[in-house]
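Student: Next up, final12.cif (mmCIF, C-alpha atoms).
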data_structure
loop_
_atom_site.label_atom_id
_atom_site.label_comp_id
_atom_site.auth_asym_id
_atom_site.auth_seq_id
_atom_site.Cartn_x
_atom_site.Cartn_y
_atom_site.Cartn_z
CA MET W 589 0.00 0.00 0.00
CA ASN W 590 1.43 3.38 -0.96
CA ALA W 591 1.49 6.41 1.32
CA GLN W 592 -1.27 8.21 -0.60
CA VAL W 593 -3.73 5.36 -0.13
CA ARG W 594 -2.88 5.08 3.56
CA ALA W 595 -3.34 8.83 4.02
CA GLY W 596 -6.67 8.67 2.19
CA LEU W 597 -7.96 5.91 4.45
CA ASP W 598 -6.82 7.78 7.55
CA ALA W 599 -8.45 11.05 6.39
CA CYS W 600 -11.99 9.74 6.93
CA THR W 601 -13.39 11.06 10.23
CA ARG W 602 -16.68 9.10 9.86
CA CYS W 603 -18.64 12.36 10.11
CA GLY W 604 -21.48 10.99 7.95
CA LEU W 605 -21.82 13.93 5.56
CA CYS W 606 -21.27 11.51 2.70
CA LEU W 607 -24.27 9.33 3.52
CA GLN W 608 -27.05 11.18 1.70
CA ALA W 609 -24.74 11.86 -1.24
CA CYS W 610 -24.35 8.12 -1.80
CA PRO W 611 -26.95 6.46 -4.09
CA THR W 612 -26.43 2.96 -2.68
CA TYR W 613 -26.77 4.12 0.93
CA ARG W 614 -29.94 6.06 0.13
CA ASP W 615 -31.42 2.91 -1.41
CA LEU W 616 -30.10 0.15 0.88
CA ARG W 617 -29.62 2.02 4.18
CA MET W 618 -26.68 -0.25 4.96
CA GLU W 619 -23.62 1.26 6.66
CA ALA W 620 -21.32 -1.07 4.73
CA ASP W 621 -22.81 0.30 1.49
CA SER W 622 -21.98 3.90 2.37
CA PRO W 623 -18.68 5.65 1.56
CA ARG W 624 -17.53 5.76 5.17
CA GLY W 625 -18.54 2.12 5.61
CA ARG W 626 -16.48 1.07 2.62
CA VAL W 627 -13.52 3.11 3.83
CA PHE W 628 -13.85 1.40 7.23
CA LEU W 629 -13.81 -2.05 5.58
CA MET W 630 -10.73 -1.18 3.52
CA LYS W 631 -9.00 0.29 6.56
CA ARG W 632 -9.58 -2.92 8.56
CA VAL W 633 -7.88 -4.87 5.78
CA ALA W 634 -5.01 -2.37 5.66
CA ASP W 635 -4.55 -2.69 9.43
CA GLY W 636 -4.48 -6.48 9.23
CA GLU W 637 -7.76 -6.84 11.12
CA ALA W 638 -9.74 -8.46 8.27
CA PRO W 639 -8.98 -10.44 5.12
CA VAL W 640 -9.62 -9.50 1.52
CA ASP W 641 -12.75 -11.61 1.17
CA ALA W 642 -16.18 -11.90 -0.45
CA THR W 643 -17.71 -9.44 2.02
CA LEU W 644 -15.26 -6.72 1.03
CA ALA W 645 -15.81 -7.55 -2.65
CA GLU W 646 -19.58 -7.34 -2.37
CA HIS W 647 -19.63 -3.90 -0.81
CA LEU W 648 -16.91 -2.42 -3.01
CA TYR W 649 -18.62 -3.61 -6.19
CA THR W 650 -22.07 -2.46 -5.07
CA CYS W 651 -20.59 1.06 -5.20
CA LEU W 652 -21.20 2.98 -8.44
CA GLY W 653 -17.96 4.92 -8.13
CA CYS W 654 -19.84 8.17 -8.75
CA ARG W 655 -17.59 10.10 -6.33
CA ALA W 656 -20.45 12.26 -5.06
CA CYS W 657 -19.04 11.54 -1.61
CA GLU W 658 -15.87 13.43 -2.57
CA THR W 659 -17.90 16.58 -3.16
CA ALA W 660 -19.67 16.15 0.20
CA CYS W 661 -16.55 15.25 2.19
CA PRO W 662 -15.05 18.10 4.29
CA SER W 663 -11.87 16.07 4.89
CA GLY W 664 -10.96 15.56 1.23
CA VAL W 665 -11.05 11.76 1.26
CA PRO W 666 -10.05 10.64 -2.30
CA PHE W 667 -12.71 7.95 -2.44
CA GLY W 668 -12.37 7.24 -6.17
CA ALA W 669 -8.69 6.38 -5.80
CA LEU W 670 -9.39 4.30 -2.68
CA LEU W 671 -12.13 2.36 -4.48
CA GLU W 672 -9.84 1.55 -7.40
CA PHE W 673 -7.14 0.40 -4.96
CA GLY W 674 -9.60 -1.73 -2.98
CA ARG W 675 -10.99 -3.41 -6.06
CA HIS W 676 -7.46 -4.05 -7.32
CA GLU W 677 -6.69 -5.84 -4.06
CA VAL W 678 -9.86 -7.92 -4.40
CA GLU W 679 -8.94 -8.96 -7.93
CA ARG W 680 -5.32 -9.59 -7.01
CA ALA W 681 -6.48 -11.88 -4.20
CA GLY W 682 -8.64 -13.79 -6.68
CA VAL W 683 -11.73 -13.68 -4.46
CA VAL W 684 -14.30 -16.07 -5.92
CA ASP W 685 -17.72 -16.99 -4.60
CA ARG W 686 -21.04 -18.08 -6.06
CA GLU W 687 -22.19 -14.49 -6.63
CA ARG W 688 -18.97 -13.46 -8.40
CA ALA W 689 -18.40 -16.48 -10.66
CA GLY W 690 -20.14 -14.73 -13.56
CA TRP W 691 -18.35 -11.48 -12.80
CA ARG W 692 -14.93 -13.07 -13.09
CA ALA W 693 -15.75 -14.54 -16.52
CA PHE W 694 -17.16 -11.18 -17.66
CA ARG W 695 -14.12 -9.40 -16.26
CA GLN W 696 -11.67 -11.58 -18.17
CA ILE W 697 -13.51 -11.19 -21.45
CA ALA W 698 -14.11 -7.43 -21.15
CA PHE W 699 -11.00 -6.12 -19.42
CA ASP W 700 -8.31 -8.63 -20.35
CA TRP W 701 -9.33 -9.47 -23.92
CA LEU W 702 -11.65 -6.86 -25.46
CA LEU W 703 -10.74 -3.40 -24.15
CA PRO W 704 -6.97 -3.78 -24.58
CA ASN W 705 -7.45 -4.89 -28.20
CA ARG W 706 -8.88 -2.35 -30.65
CA THR W 707 -9.74 -4.93 -33.32
CA ALA W 708 -11.45 -7.35 -30.91
CA PHE W 709 -13.42 -4.50 -29.32
CA ALA W 710 -14.59 -3.21 -32.71
CA LEU W 711 -15.72 -6.70 -33.74
CA ALA W 712 -17.58 -7.19 -30.45
CA LEU W 713 -19.46 -3.90 -30.89
CA ALA W 714 -20.18 -4.36 -34.61
CA PRO W 715 -23.76 -5.66 -34.02
CA ALA W 716 -24.48 -2.73 -31.69
CA ARG W 717 -23.13 -0.26 -34.25
CA TRP W 718 -25.28 -1.77 -36.99
CA LEU W 719 -28.42 -1.71 -34.85
CA SER W 720 -27.78 1.92 -33.84
CA ARG W 721 -27.55 2.92 -37.48
CA THR W 722 -30.48 0.72 -38.60
CA PRO W 723 -33.51 1.87 -36.56
CA ALA W 724 -35.93 -0.45 -38.38
CA ALA W 725 -33.94 -3.53 -37.37
CA ARG W 726 -33.67 -2.34 -33.80
CA ASP W 727 -37.40 -1.67 -33.58
CA ALA W 728 -38.14 -5.12 -35.01
CA LEU W 729 -35.92 -6.75 -32.37
CA ARG W 730 -37.53 -4.77 -29.56
CA ALA W 731 -40.96 -6.02 -30.68
CA LEU W 732 -39.89 -9.62 -30.07
CA PRO W 733 -40.59 -11.36 -26.72
CA LEU W 734 -37.08 -10.81 -25.41
CA GLY W 735 -35.97 -10.67 -21.79
CA THR W 736 -36.02 -7.41 -19.86
CA ARG W 737 -32.23 -7.16 -19.78
CA VAL W 738 -31.90 -7.61 -23.56
CA LYS W 739 -34.61 -5.01 -24.20
CA ARG W 740 -32.81 -2.62 -21.88
CA LEU W 741 -29.54 -3.09 -23.78
CA LEU W 742 -31.32 -2.40 -27.07
CA ALA W 743 -32.89 0.74 -25.61
CA MET W 744 -29.44 1.99 -24.59
CA LEU W 745 -28.12 2.11 -28.15
CA PRO W 746 -27.68 5.67 -29.43
CA ALA W 747 -29.83 7.13 -32.18
CA ALA W 748 -28.59 7.09 -35.74
CA GLY W 749 -27.38 10.71 -35.63
CA ALA W 750 -25.17 10.30 -32.56
CA ALA W 751 -23.96 6.93 -33.84
CA ALA W 752 -23.22 8.12 -37.39
CA SER W 753 -20.57 5.99 -39.06
CA THR W 754 -17.56 8.24 -39.39
CA ARG W 755 -13.81 7.98 -39.15
CA ILE W 756 -12.36 11.16 -37.67
CA PRO W 757 -9.60 12.50 -39.94
CA GLU W 758 -6.10 12.48 -38.53
CA PHE W 759 -5.98 16.23 -39.15
CA THR W 760 -8.68 18.87 -39.67
CA ALA W 761 -7.68 22.47 -40.32
CA ALA W 762 -9.14 25.41 -38.39
CA GLN W 763 -11.82 27.56 -39.94
CA GLY W 764 -10.96 31.24 -40.07
CA GLY W 765 -8.11 32.53 -37.93
CA ARG W 766 -6.17 29.76 -36.17
CA ARG W 767 -6.35 30.03 -32.38
CA ALA W 768 -4.93 26.69 -31.22
CA ARG W 769 -3.75 23.23 -32.25
CA VAL W 770 -5.56 20.61 -30.20
CA GLY W 771 -5.66 16.86 -29.97
CA MET W 772 -8.96 15.02 -29.93
CA PHE W 773 -9.35 11.86 -27.88
CA VAL W 774 -11.42 9.26 -29.75
CA GLY W 775 -11.45 6.45 -27.16
CA CYS W 776 -13.26 3.12 -27.31
CA VAL W 777 -17.02 3.35 -26.62
CA MET W 778 -17.24 6.91 -27.93
CA GLY W 779 -15.29 5.99 -31.06
CA GLU W 780 -17.31 2.86 -31.80
CA LEU W 781 -20.85 3.96 -30.81
CA PHE W 782 -20.82 7.78 -30.85
CA GLY W 783 -19.03 8.71 -34.05
CA GLY W 784 -21.62 11.40 -34.75
CA VAL W 785 -20.81 13.13 -31.45
CA HIS W 786 -17.10 13.09 -32.35
CA GLU W 787 -17.95 14.58 -35.72
CA SER W 788 -19.89 17.38 -34.01
CA LEU W 789 -16.92 18.10 -31.74
CA VAL W 790 -14.56 18.37 -34.70
CA ARG W 791 -16.88 20.87 -36.40
CA VAL W 792 -17.26 22.90 -33.19
CA LEU W 793 -13.51 23.01 -32.57
CA ARG W 794 -12.82 23.90 -36.19
CA HIS W 795 -15.43 26.67 -36.07
CA ASN W 796 -13.65 28.04 -33.01
CA GLY W 797 -10.33 28.34 -34.82
CA CYS W 798 -8.71 25.06 -33.78
CA ASP W 799 -6.59 22.73 -35.86
CA VAL W 800 -7.70 19.27 -34.71
CA ALA W 801 -5.33 16.31 -34.60
CA ALA W 802 -6.72 12.82 -33.91
CA PRO W 803 -3.60 10.63 -33.77
CA ARG W 804 -4.11 7.07 -34.94
CA GLY W 805 -2.03 5.42 -32.19
CA GLN W 806 -4.45 6.35 -29.39
CA TRP W 807 -6.92 3.93 -27.81
CA CYS W 808 -9.04 3.34 -24.69
CA CYS W 809 -8.16 5.55 -21.71
CA GLY W 810 -8.18 2.60 -19.28
CA ALA W 811 -10.93 3.93 -17.00
CA LEU W 812 -13.20 0.89 -17.25
CA ASN W 813 -10.29 -1.40 -16.45
CA LEU W 814 -9.20 0.67 -13.45
CA HIS W 815 -12.74 0.83 -12.08
CA ALA W 816 -12.81 -2.98 -12.25
CA GLY W 817 -9.55 -3.34 -10.34
CA GLU W 818 -7.46 -4.17 -13.43
CA ARG W 819 -4.27 -2.09 -13.54
CA ARG W 820 -1.81 -3.85 -15.85
CA HIS W 821 -3.68 -3.26 -19.10
CA ALA W 822 -4.87 0.17 -17.91
CA ARG W 823 -1.28 1.33 -17.44
CA SER W 824 -0.39 -0.01 -20.87
CA MET W 825 -3.31 1.92 -22.42
CA ALA W 826 -2.15 5.10 -20.69
CA ARG W 827 1.37 4.70 -22.09
CA ARG W 828 -0.04 4.14 -25.58
CA ASN W 829 -2.07 7.34 -25.42
CA ILE W 830 0.85 9.35 -24.08
CA ASP W 831 3.04 8.12 -26.95
CA ALA W 832 0.38 8.97 -29.54
CA PHE W 833 -0.35 12.50 -28.35
CA GLU W 834 3.30 13.41 -27.80
CA LYS W 835 3.87 12.77 -31.51
CA ALA W 836 0.86 14.94 -32.36
CA ASP W 837 2.46 17.96 -30.63
CA VAL W 838 -0.76 19.62 -29.40
CA GLU W 839 -1.46 22.39 -26.89
CA ALA W 840 -4.50 20.66 -25.35
CA ILE W 841 -6.17 17.24 -25.51
CA VAL W 842 -9.92 17.74 -25.81
CA VAL W 843 -12.24 15.00 -24.54
CA ASP W 844 -16.01 14.63 -25.03
CA SER W 845 -16.36 11.77 -22.51
CA ALA W 846 -16.33 12.89 -18.87
CA GLY W 847 -15.21 9.51 -17.56
CA CYS W 848 -12.28 9.37 -19.97
CA GLY W 849 -11.26 12.93 -19.15
CA ALA W 850 -11.26 12.28 -15.41
CA GLU W 851 -9.08 9.19 -15.84
CA MET W 852 -6.66 10.84 -18.25
CA LYS W 853 -6.21 13.74 -15.84
CA SER W 854 -4.97 11.17 -13.31
CA TYR W 855 -2.32 9.56 -15.53
CA GLY W 856 0.35 11.27 -13.45
CA GLU W 857 -0.77 9.29 -10.39
CA LEU W 858 -1.34 6.08 -12.36
CA LEU W 859 2.22 6.07 -13.73
CA ALA W 860 3.94 7.84 -10.84
CA ASP W 861 6.26 4.88 -10.22
CA ASP W 862 7.15 4.39 -13.90
CA LYS W 863 10.52 6.07 -14.40
CA ALA W 864 10.18 6.20 -18.15
CA TYR W 865 6.68 7.72 -18.08
CA SER W 866 6.04 9.52 -14.77
CA ALA W 867 7.06 13.02 -15.95
CA ARG W 868 5.53 12.47 -19.39
CA ALA W 869 2.27 11.27 -17.80
CA ALA W 870 2.06 14.38 -15.62
CA ALA W 871 2.67 16.61 -18.65
CA PHE W 872 0.01 14.72 -20.63
CA ALA W 873 -2.52 15.00 -17.79
CA ALA W 874 -2.00 18.76 -17.57
CA LYS W 875 -3.11 19.11 -21.21
CA VAL W 876 -6.37 17.16 -20.86
CA LYS W 877 -9.50 19.31 -21.07
CA ASP W 878 -13.15 18.41 -21.14
CA ALA W 879 -14.77 19.84 -24.29
CA SER W 880 -16.89 22.28 -22.24
CA GLU W 881 -13.87 23.32 -20.16
CA PHE W 882 -11.77 23.96 -23.27
CA LEU W 883 -14.44 25.93 -25.13
CA ALA W 884 -15.21 28.07 -22.09
CA GLY W 885 -11.50 28.65 -21.58
CA ILE W 886 -10.75 29.92 -25.09
CA GLY W 887 -13.95 31.97 -25.26
CA VAL W 888 -16.44 30.19 -27.53
CA ARG W 889 -17.53 32.08 -30.62
CA GLU W 890 -21.17 33.03 -30.10
CA ASP W 891 -22.31 33.34 -33.72
CA PHE W 892 -25.05 30.83 -32.95
CA GLY W 893 -28.27 30.35 -34.80
CA THR W 894 -31.51 29.73 -32.92
CA VAL W 895 -32.28 26.34 -31.38
CA LYS W 896 -35.87 26.19 -30.17
CA SER W 897 -35.84 23.79 -27.24
CA ARG W 898 -36.59 23.48 -23.54
CA VAL W 899 -33.37 21.99 -22.19
CA THR W 900 -32.15 20.51 -18.93
CA TYR W 901 -28.67 19.24 -18.10
CA GLN W 902 -27.54 16.03 -16.40
CA ASP W 903 -24.17 16.38 -14.65
CA ALA W 904 -21.87 13.47 -15.45
CA CYS W 905 -20.47 12.21 -12.15
CA HIS W 906 -16.89 12.26 -13.39
CA LEU W 907 -17.31 15.81 -14.66
CA ALA W 908 -19.06 17.33 -11.62
CA HIS W 909 -17.40 15.29 -8.87
CA GLY W 910 -14.29 13.98 -10.58
CA GLN W 911 -13.22 17.12 -12.48
CA ARG W 912 -15.26 19.70 -10.53
CA ILE W 913 -16.66 21.17 -13.75
CA ARG W 914 -20.26 22.30 -13.38
CA GLU W 915 -20.84 25.79 -14.73
CA ASP W 916 -19.08 25.55 -18.12
CA PRO W 917 -21.68 23.26 -19.78
CA ARG W 918 -24.56 25.29 -18.36
CA ALA W 919 -23.03 28.59 -19.52
CA LEU W 920 -22.59 27.22 -23.04
CA LEU W 921 -26.23 26.10 -23.19
CA ARG W 922 -27.53 29.43 -21.85
CA ALA W 923 -25.57 31.29 -24.54
CA ILE W 924 -27.51 29.65 -27.39
CA PRO W 925 -30.49 31.71 -28.64
CA GLY W 926 -33.86 29.99 -28.40
CA ILE W 927 -32.88 27.57 -25.66
CA GLU W 928 -35.03 27.73 -22.55
CA TYR W 929 -32.72 26.29 -19.92
CA VAL W 930 -34.34 24.60 -16.89
CA GLU W 931 -32.22 23.42 -13.98
CA MET W 932 -32.92 19.85 -12.89
CA ARG W 933 -33.36 18.92 -9.23
CA ASP W 934 -30.39 16.84 -8.05
CA ALA W 935 -28.74 17.16 -11.46
CA ASP W 936 -25.44 15.95 -10.03
CA ARG W 937 -26.86 12.70 -8.63
CA CYS W 938 -25.77 9.57 -10.49
CA CYS W 939 -28.10 8.24 -13.20
CA GLY W 940 -27.06 4.64 -12.46
CA ALA W 941 -24.91 4.04 -15.56
CA ALA W 942 -21.49 3.93 -13.87
CA GLY W 943 -19.52 2.20 -16.60
CA VAL W 944 -20.63 -1.44 -16.68
CA TYR W 945 -22.77 -1.14 -13.53
CA SER W 946 -26.03 -1.25 -15.48
CA ILE W 947 -24.93 -4.68 -16.73
CA THR W 948 -23.50 -6.07 -13.49
CA HIS W 949 -26.13 -4.58 -11.11
CA PRO W 950 -29.23 -4.06 -13.30
CA GLU W 951 -31.78 -3.89 -10.46
CA MET W 952 -29.95 -1.21 -8.49
CA SER W 953 -29.13 0.66 -11.68
CA SER W 954 -32.79 0.67 -12.71
CA ARG W 955 -33.96 2.02 -9.35
CA ILE W 956 -31.44 4.85 -9.52
CA LEU W 957 -32.47 5.57 -13.11
CA SER W 958 -36.14 5.77 -12.12
CA GLU W 959 -35.23 8.41 -9.53
CA LYS W 960 -33.32 10.34 -12.19
CA MET W 961 -36.10 10.14 -14.78
CA ALA W 962 -38.55 11.59 -12.25
CA CYS W 963 -36.25 14.59 -11.92
CA VAL W 964 -36.00 14.93 -15.71
CA ASP W 965 -39.78 14.73 -16.09
CA ALA W 966 -40.30 17.43 -13.45
CA THR W 967 -38.43 19.95 -15.62
CA GLY W 968 -40.82 19.59 -18.54
CA ALA W 969 -37.79 19.62 -20.85
CA ASP W 970 -37.94 18.15 -24.34
CA THR W 971 -34.15 17.65 -24.36
CA VAL W 972 -31.74 16.41 -21.70
CA VAL W 973 -28.09 17.22 -22.35
CA VAL W 974 -25.24 14.95 -21.31
CA THR W 975 -21.44 14.90 -21.49
CA ASN W 976 -20.66 11.21 -21.08
CA PRO W 977 -21.54 8.08 -23.11
CA GLY W 978 -22.66 6.10 -20.06
CA CYS W 979 -25.16 8.79 -19.08
CA HIS W 980 -26.24 9.08 -22.71
CA MET W 981 -27.09 5.38 -22.99
CA GLN W 982 -28.64 5.15 -19.53
CA LEU W 983 -31.00 8.06 -20.16
CA LEU W 984 -31.92 6.63 -23.57
CA ALA W 985 -32.96 3.47 -21.73
CA GLY W 986 -34.97 5.56 -19.27
CA GLN W 987 -36.69 7.41 -22.09
CA ALA W 988 -37.56 4.17 -23.89
CA MET W 989 -38.95 2.53 -20.76
CA SER W 990 -41.09 5.55 -19.86
CA GLY W 991 -42.35 5.98 -23.42
CA ARG W 992 -41.98 9.72 -23.04
CA SER W 993 -40.90 11.89 -25.97
CA LEU W 994 -37.46 13.12 -24.95
CA ARG W 995 -34.28 13.87 -26.86
CA VAL W 996 -31.00 12.84 -25.24
CA ARG W 997 -28.20 14.88 -26.78
CA HIS W 998 -24.53 15.40 -26.07
CA LEU W 999 -23.55 19.00 -25.29
CA VAL W 1000 -21.36 19.30 -28.40
CA GLU W 1001 -24.26 18.12 -30.58
CA ILE W 1002 -26.36 21.04 -29.32
CA ILE W 1003 -23.54 23.54 -29.88
CA ASP W 1004 -22.95 22.11 -33.37
CA GLU W 1005 -26.66 22.37 -34.10
CA ALA W 1006 -26.61 26.03 -33.08
CA TYR W 1007 -23.68 26.84 -35.36
CA ARG W 1008 -25.20 24.94 -38.28
CA ALA W 1009 -28.51 26.76 -37.81
CA THR W 1010 -26.84 29.84 -39.37
CA GLU W 1011 -25.88 27.96 -42.52
CA PRO W 1012 -28.02 28.47 -45.64
CA SER W 1013 -30.48 25.61 -46.18
#
Could you write out this structure as structure tokens?
Tutor:
Amino acid sequence: MNAQVRAGLDACTRCGLCLQACPTYRDLRMEADSPRGRVFLMKRVADGEAPVDATLAEHLYTCLGCRACETACPSGVPFGALLEFGRHEVERAGVVDRERAGWRAFRQIAFDWLLPNRTAFALALAPARWLSRTPAARDALRALPLGTRVKRLLAMLPAAGAAASTRIPEFTAAQGGRRARVGMFVGCVMGELFGGVHESLVRVLRHNGCDVAAPRGQWCCGALNLHAGERRHARSMARRNIDAFEKADVEAIVVDSAGCGAEMKSYGELLADDKAYSARAAAFAAKVKDASEFLAGIGVREDFGTVKSRVTYQDACHLAHGQRIREDPRALLRAIPGIEYVEMRDADRCCGAAGVYSITHPEMSSRILSEKMACVDATGADTVVVTNPGCHMQLLAGQAMSGRSLRVRHLVEIIDEAYRATEPS
């Protein structure tokens, strides 16, 4: 155990301010399924008072990793880092029980075989890509007597526009006066299922005077692996991305996935003990910017057309709690003519997506989603704006299950729509 983890465990004073911020504690009312309860369990293991066992595994994996407790915590407990460390210890110990037998098989396939391999991942997601871009086929499948879980997965697939089949060029020149040269992170899920969102981001950056480089050597950020306690491949992915973007020679690395951005900003900590990469990782992390953060920072061009819509915004956990970015997306939305912006109650509460959580814990995920959809409905909005693919898919599932007419759009899609509204038809 390194000194940072030990200090993080010791920082918890068990004050309880994290309890109501935690979605699993609010639902289960179990101390062991609260942030301070999980810290207590990990601390007992660190002090040699308890083993790494199935009990620890159960409570650590019931957590969504939303990090809302970090925002609530007056002592600055780095719960996200502690959770990743705890899960790594569980996986390293090889804890297996009846409940986790399926998890271990899923873990090996997803985090050891698919995510580290671009070709294998693309092949695995090919049916999902095709269904996203073929609405008639998806609707026909959903009409069949399929199980609830399969129908939920179908509902999570993005609409044809967001999932447009596109390969981002390795270089796109700025429009008008050049203001910056930026790198664009393509990633895994975003690259395979949300090509249309990437395309919108390229247009928005170009419109704002940015040369956009999307180096071919980049791949998955490693966040999903780290959240599942897998560090070896995650560190390898980080090194690959650092190598790729160093060659691109960019001033900033712009990311349209909040979870990826949060992880990439922590590469310095992930590779701190790697002599060949520690300084390079820190320099890379310093360049990473969420798309909203970057646009707000350079001063977005406000030559928007009108977008007639009543809009609310869902905070991505890893943007609000992980990166502490809240106002930038809201300010960008309010700047667009025609948008009636309505603040959502508890906008920064988790929607229940949490990476693969909606697959591994579907019942809990669904209950949290129902709570979120009630908040969305209360706004009367026709559009809910997101900044993360997990939130995007989770809210699509919520919309499909409720049957309500609701657009789920990424922030950069709305900005792109506003710019394109000025173009001649």
Student: Excluding same-chain residues fewer than 5 positions from segment 988-999 of chain W, what lies within 6 Å of it counting only C-alpha atoms, as a list of chain:residue names?
Tutor: W:Asp970, W:Thr971, W:Val972, W:Val973, W:Val974, W:Thr975
Student: State, in Å with one decimal place, the distance from atom CA of Glu851 of chain W to atom CA of Ala811 of chain W.
Tutor: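 Taking atom CA of Glu851 of chain W and atom CA of Ala811 of chain W, their separation equals 5.7 Å.
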Student: How close does segment 852-894 of chain W get to segment 913-920 of chain W? List, as a tab-separated table, each residue of segment 852-894 of chain W within 10 Å, its nearest atom pair and the distance in Å to one decimal, counting all atoms listed in the file.
Tutor:
residue	atom	partner	partner_atom	distance
W:Asp878	CA	W:Ile913	CA	8.6
W:Ala879	CA	W:Pro917	CA	8.9
W:Ser880	CA	W:Pro917	CA	5.5
W:Glu881	CA	W:Asp916	CA	6.0
W:Phe882	CA	W:Asp916	CA	9.1
W:Leu883	CA	W:Asp916	CA	8.4
W:Ala884	CA	W:Asp916	CA	6.1
W:Gly885	CA	W:Asp916	CA	8.9
W:Val888	CA	W:Leu920	CA	8.2
W:Glu890	CA	W:Leu920	CA	9.3
Student: Kindly save the residues from that selection, with C-alpha atoms included, as an mmCIF file, in the frame of the given file.
Tutor:
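File produced: selection-v3.cif:
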data_model
loop_
_atom_site.group_PDB
_atom_site.id
_atom_site.type_symbol
_atom_site.label_atom_id
_atom_site.label_comp_id
_atom_site.auth_asym_id
_atom_site.auth_seq_id
_atom_site.Cartn_x
_atom_site.Cartn_y
_atom_site.Cartn_z
ATOM 1 C CA ASP W 878 -13.150 18.410 -21.140
ATOM 2 C CA ALA W 879 -14.770 19.840 -24.290
ATOM 3 C CA SER W 880 -16.890 22.280 -22.240
ATOM 4 C CA GLU W 881 -13.870 23.320 -20.160
ATOM 5 C CA PHE W 882 -11.770 23.960 -23.270
ATOM 6 C CA LEU W 883 -14.440 25.930 -25.130
ATOM 7 C CA ALA W 884 -15.210 28.070 -22.090
ATOM 8 C CA GLY W 885 -11.500 28.650 -21.580
ATOM 9 C CA VAL W 888 -16.440 30.190 -27.530
ATOM 10 C CA GLU W 890 -21.170 33.030 -30.100
#
Student: Using the chain letters and numbers from this file, what does the PyMOL selection byres ((chain W and resi 782) around 12) select? Give the answer as an MDAnalysis selection string.
Tutor: chainID W and resid 713 716:717 720:721 745:756 774:781 783:789 844:845 975:978 980:981 997:998 1000:1001
Student: Which residues, written as a PyMOL selection string, have at least one atom at most 8 Å from segment 793-801 of chain W, with all atoms listed in the file counted and residues fewer than 2 positions away on the same chain left out?
Tutor: chain W and resi 757-772+789-791+803+836+838+888-889
Student: Go ahead and save the picked residues with C-alpha atoms, as a PDB file, in the frame of the given file.
Tutor:
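out-v8.pdb, written as the output of this step:
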ATOM      1  CA  PRO W 757      -9.600  12.500 -39.940  1.00  0.00           C
ATOM      2  CA  GLU W 758      -6.100  12.480 -38.530  1.00  0.00           C
ATOM      3  CA  PHE W 759      -5.980  16.230 -39.150  1.00  0.00           C
ATOM      4  CA  THR W 760      -8.680  18.870 -39.670  1.00  0.00           C
ATOM      5  CA  ALA W 761      -7.680  22.470 -40.320  1.00  0.00           C
ATOM      6  CA  ALA W 762      -9.140  25.410 -38.390  1.00  0.00           C
ATOM      7  CA  GLN W 763     -11.820  27.560 -39.940  1.00  0.00           C
ATOM      8  CA  GLY W 764     -10.960  31.240 -40.070  1.00  0.00           C
ATOM      9  CA  GLY W 765      -8.110  32.530 -37.930  1.00  0.00           C
ATOM     10  CA  ARG W 766      -6.170  29.760 -36.170  1.00  0.00           C
ATOM     11  CA  ARG W 767      -6.350  30.030 -32.380  1.00  0.00           C
ATOM     12  CA  ALA W 768      -4.930  26.690 -31.220  1.00  0.00           C
ATOM     13  CA  ARG W 769      -3.750  23.230 -32.250  1.00  0.00           C
ATOM     14  CA  VAL W 770      -5.560  20.610 -30.200  1.00  0.00           C
ATOM     15  CA  GLY W 771      -5.660  16.860 -29.970  1.00  0.00           C
ATOM     16  CA  MET W 772      -8.960  15.020 -29.930  1.00  0.00           C
ATOM     17  CA  LEU W 789     -16.920  18.100 -31.740  1.00  0.00           C
ATOM     18  CA  VAL W 790     -14.560  18.370 -34.700  1.00  0.00           C
ATOM     19  CA  ARG W 791     -16.880  20.870 -36.400  1.00  0.00           C
ATOM     20  CA  PRO W 803      -3.600  10.630 -33.770  1.00  0.00           C
ATOM     21  CA  ALA W 836       0.860  14.940 -32.360  1.00  0.00           C
ATOM     22  CA  VAL W 838      -0.760  19.620 -29.400  1.00  0.00           C
ATOM     23  CA  VAL W 888     -16.440  30.190 -27.530  1.00  0.00           C
ATOM     24  CA  ARG W 889     -17.530  32.080 -30.620  1.00  0.00           C
TER      25      ARG W 889
END
Student: At most 9 Å from (9.4, 2.3, -22.7), file frame, all atoms listed in the file: which residues, as a ChimeraX atom specification?
Tutor: /W:827,864-865
Student: Please measure the separation of atom CA of Gly690 of chain W and atom CA of Thr736 of chain W, giving the value in Å to one decimal.
Tutor: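 It comes out at 18.6 Å.
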Student: Which distance in Å separates atom CA of Lys875 of chain W and atom CA of Gly668 of chain W, to one decimal?
Tutor: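 Between atom CA of Lys875 of chain W and atom CA of Gly668 of chain W the gap works out to 21.3 Å.
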Student: Run the PyMOL selection byres ((chain W and resi 948-962) around 8) against the file shown and list the residues it catches, as a PyMOL selection string.
Tutor: chain W and resi 611-612+650+691+737+937-941+944-947+963-966+982-983+986-987
Student: Given the file shown, enumerate the residues that the PyMOL selection byres ((chain W and resi 854) around 10) captures and present them as a PyMOL selection string.
Tutor: chain W and resi 669+826+849-853+855-860+869-870+872-874+876
